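Q: The following file, entry08.cif, comprises mmCIF, C-alpha atoms:
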```
data_run
loop_
_atom_site.label_atom_id
_atom_site.label_comp_id
_atom_site.auth_asym_id
_atom_site.auth_seq_id
_atom_site.Cartn_x
_atom_site.Cartn_y
_atom_site.Cartn_z
CA GLN A 1 0.00 0.00 0.00
CA LEU A 2 1.46 3.34 -1.06
CA GLN A 3 1.41 6.11 1.55
CA LEU A 4 1.17 9.79 0.61
CA VAL A 5 1.76 12.41 3.29
CA GLU A 6 1.14 16.09 2.53
CA SER A 7 2.53 19.00 4.50
CA GLY A 8 3.12 22.71 4.14
CA GLY A 9 -0.40 24.09 4.27
CA GLY A 10 -1.31 27.11 6.32
CA SER A 11 -2.83 30.57 6.31
CA VAL A 12 -1.43 33.43 4.26
CA HIS A 13 -2.47 36.86 3.05
CA PRO A 14 -3.34 37.44 -0.60
CA GLY A 15 -0.18 37.70 -2.63
CA GLY A 16 1.69 35.38 -0.30
CA SER A 17 3.39 32.08 -1.01
CA LEU A 18 3.35 28.55 0.31
CA ARG A 19 5.13 25.34 -0.67
CA LEU A 20 3.30 22.08 -0.26
CA SER A 21 5.13 18.77 -0.02
CA CYS A 22 3.92 15.25 -0.71
CA ALA A 23 6.16 12.49 0.55
CA THR A 24 5.57 9.02 -0.84
CA SER A 25 6.59 5.79 0.86
CA ARG A 26 8.38 4.68 -2.32
CA ASN A 27 8.79 5.44 -5.99
CA THR A 28 7.13 2.77 -8.03
CA TYR A 29 4.99 2.23 -11.07
CA ASP A 30 2.16 3.76 -9.04
CA THR A 31 3.93 7.10 -8.71
CA ARG A 32 4.65 7.68 -12.38
CA CYS A 33 1.90 10.28 -12.37
CA MET A 34 1.79 12.64 -9.39
CA ALA A 35 -0.69 15.46 -9.05
CA TRP A 36 -2.15 18.02 -6.74
CA TYR A 37 -5.90 18.45 -6.46
CA ARG A 38 -7.93 20.79 -4.30
CA GLN A 39 -11.43 20.95 -2.94
CA ALA A 40 -13.11 24.04 -1.58
CA PRO A 41 -16.20 23.82 0.64
CA GLY A 42 -19.28 23.09 -1.43
CA LYS A 43 -17.27 22.50 -4.60
CA GLU A 44 -16.03 19.44 -6.45
CA ARG A 45 -12.43 18.34 -6.25
CA GLU A 46 -10.41 19.80 -9.12
CA GLY A 47 -7.00 19.14 -10.58
CA VAL A 48 -4.40 21.82 -9.96
CA ALA A 49 -1.06 20.53 -11.27
CA ARG A 50 0.49 17.28 -12.51
CA ILE A 51 3.94 15.90 -13.17
CA TYR A 52 4.67 12.69 -15.05
CA SER A 53 7.99 11.12 -14.16
CA GLY A 54 8.33 9.22 -17.40
CA SER A 55 8.72 12.37 -19.47
CA GLY A 56 9.00 15.04 -16.80
CA SER A 57 6.04 16.77 -18.37
CA THR A 58 3.87 19.06 -16.30
CA TYR A 59 0.32 20.28 -16.63
CA TYR A 60 -1.58 23.03 -14.86
CA ALA A 61 -5.14 24.17 -14.46
CA ASP A 62 -5.74 27.51 -16.17
CA SER A 63 -6.57 29.10 -12.83
CA VAL A 64 -3.07 28.49 -11.45
CA ARG A 65 -0.83 28.52 -14.51
CA GLY A 66 1.96 31.03 -14.07
CA ARG A 67 1.52 31.15 -10.30
CA PHE A 68 2.00 27.53 -9.22
CA THR A 69 4.90 25.21 -10.01
CA ILE A 70 4.98 21.45 -9.50
CA SER A 71 8.31 19.70 -9.12
CA GLN A 72 9.69 16.36 -8.02
CA ASP A 73 12.72 15.20 -6.07
CA SER A 74 13.00 11.50 -6.86
CA ALA A 75 15.85 10.99 -4.40
CA LYS A 76 13.54 12.14 -1.60
CA ASN A 77 10.38 10.51 -2.99
CA THR A 78 8.74 13.91 -2.71
CA VAL A 79 6.61 16.09 -4.95
CA TYR A 80 6.28 19.81 -4.31
CA LEU A 81 3.78 22.49 -5.20
CA GLN A 82 5.18 26.01 -5.02
CA MET A 83 2.29 28.44 -4.83
CA ASN A 84 2.97 32.13 -5.42
CA ASN A 85 0.71 35.15 -5.61
CA LEU A 86 -1.99 33.29 -3.73
CA LYS A 87 -5.56 34.49 -4.02
CA PRO A 88 -8.57 34.01 -1.74
CA GLU A 89 -10.07 31.68 -4.35
CA ASP A 90 -7.10 29.34 -3.83
CA THR A 91 -8.47 28.55 -0.38
CA ALA A 92 -9.14 24.81 -0.25
CA MET A 93 -8.01 21.47 1.06
CA TYR A 94 -5.15 20.34 -1.14
CA TYR A 95 -4.65 16.65 -1.85
CA CYS A 96 -1.73 14.78 -3.34
CA ALA A 97 -2.52 11.95 -5.76
CA ALA A 98 -0.47 9.17 -7.31
CA SER A 99 -1.33 6.88 -10.17
CA PRO A 100 0.34 4.98 -12.99
CA VAL A 101 -2.17 6.45 -15.46
CA LEU A 102 -2.76 9.90 -16.92
CA SER A 103 -6.28 11.08 -17.52
CA SER A 104 -7.53 14.39 -18.89
CA GLY A 105 -4.24 16.07 -18.09
CA PHE A 106 -4.06 14.85 -14.52
CA CYS A 107 -3.72 11.47 -12.84
CA LYS A 108 -6.43 8.83 -12.93
CA VAL A 109 -7.44 7.98 -9.39
CA VAL A 110 -10.64 5.99 -9.34
CA GLY A 111 -11.83 2.75 -7.81
CA GLY A 112 -8.81 0.67 -6.95
CA LEU A 113 -6.49 2.66 -9.21
CA GLY A 114 -4.23 5.26 -7.63
CA TYR A 115 -3.86 6.75 -4.19
CA TRP A 116 -4.83 9.90 -2.28
CA GLY A 117 -3.13 11.66 0.57
CA GLN A 118 -5.01 12.92 3.60
CA GLY A 119 -4.92 16.57 2.53
CA THR A 120 -3.49 19.81 3.83
CA GLN A 121 -5.48 23.01 4.30
CA VAL A 122 -4.56 26.23 2.52
CA THR A 123 -6.35 29.42 3.56
CA VAL A 124 -5.80 32.75 1.82
CA SER A 125 -7.43 35.73 3.47
CA SER A 126 -6.73 39.28 4.48
#
```
Go ahead and express the file in the form of structure tokens.
A:
Amino acid sequence: QLQLVESGGGSVHPGGSLRLSCATSRNTYDTRCMAWYRQAPGKEREGVARIYSGSGSTYYADSVRGRFTISQDSAKNTVYLQMNNLKPEDTAMYYCAASPVLSSGFCKVVGGLGYWGQGTQVTVSS
């Protein structure tokens, strides 16, 4: 069973920055696709950023492109999400996801395929 542990969430003012980390218990076939998702109260979970280790390719939601950067340190089994110029609408619970399969730009995590972390809260307010 793959374990994903997120950290780095917190409260910041608009325009501030945070860096989220997602530590995995190992790098395997299941971690070829790593992504960050978020879910705000009353809204559906949405993809934010994705990195695919096979090619190193990245993908971002339009709402965060140019402000967020996803990266990976394979030696540390860790994926990061650097979030700059944060806005109140970025407030959400952020989840790390791992899967061997890409889907619609992000990682396919459904049924018995893929894994979720427990989430870390990000709050942006003045």
Q: One number please: atom CA of A:Val5 to atom CA of A:Lys43, in Å, one decimal.
A: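 About the pair atom CA of A:Val5 and atom CA of A:Lys43: they are 22.9 Å apart.
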Q: Written as a list of chain:residue names, which residues does the PyMOL selection byres ((chain A and resi 9-23) around 6) give for the file shown?
A: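 For this structure, the PyMOL selection byres ((chain A and resi 9-23) around 6) resolves to A:Leu4, A:Val5, A:Glu6, A:Ser7, A:Gly8, A:Thr24, A:Asn77, A:Thr78, A:Val79, A:Tyr80, A:Leu81, A:Gln82, A:Met83, A:Asn84, A:Asn85, A:Leu86, A:Lys87, A:Thr120, A:Gln121, A:Val122, A:Thr123, A:Val124, A:Ser125, A:Ser126.
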Q: Between A:Asn27, A:Gln3, A:Thr91, A:Ser99, which residue has the minimum interatomic distance to A:Gly111, considering all atoms listed in the file?
A: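 Of A:Asn27, A:Gln3, A:Thr91, A:Ser99, the one nearest A:Gly111, counting all atoms listed in the file, is A:Ser99.
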Q: For the atom pair atom CA of A:Asp62 and atom CA of A:Tyr115, what is the interatomic distance in Å to one decimal place?
A: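 Calculated distance between atom CA of A:Asp62 and atom CA of A:Tyr115 is 24.0 Å.
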Q: For A:Gly112, which of A:Pro100, A:Tyr52, A:Ser63, A:Thr58 is the closest residue, counting all atoms listed in the file?
A: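 Checking each candidate against A:Gly112, we get A:Pro100 as the closest.
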Q: Quick one: pull the distance between atom CA of A:Arg67 and atom CA of A:Cys96, Å, one decimal.
A: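 If I compute the distance from atom CA of A:Arg67 to atom CA of A:Cys96, I get 18.1 Å.
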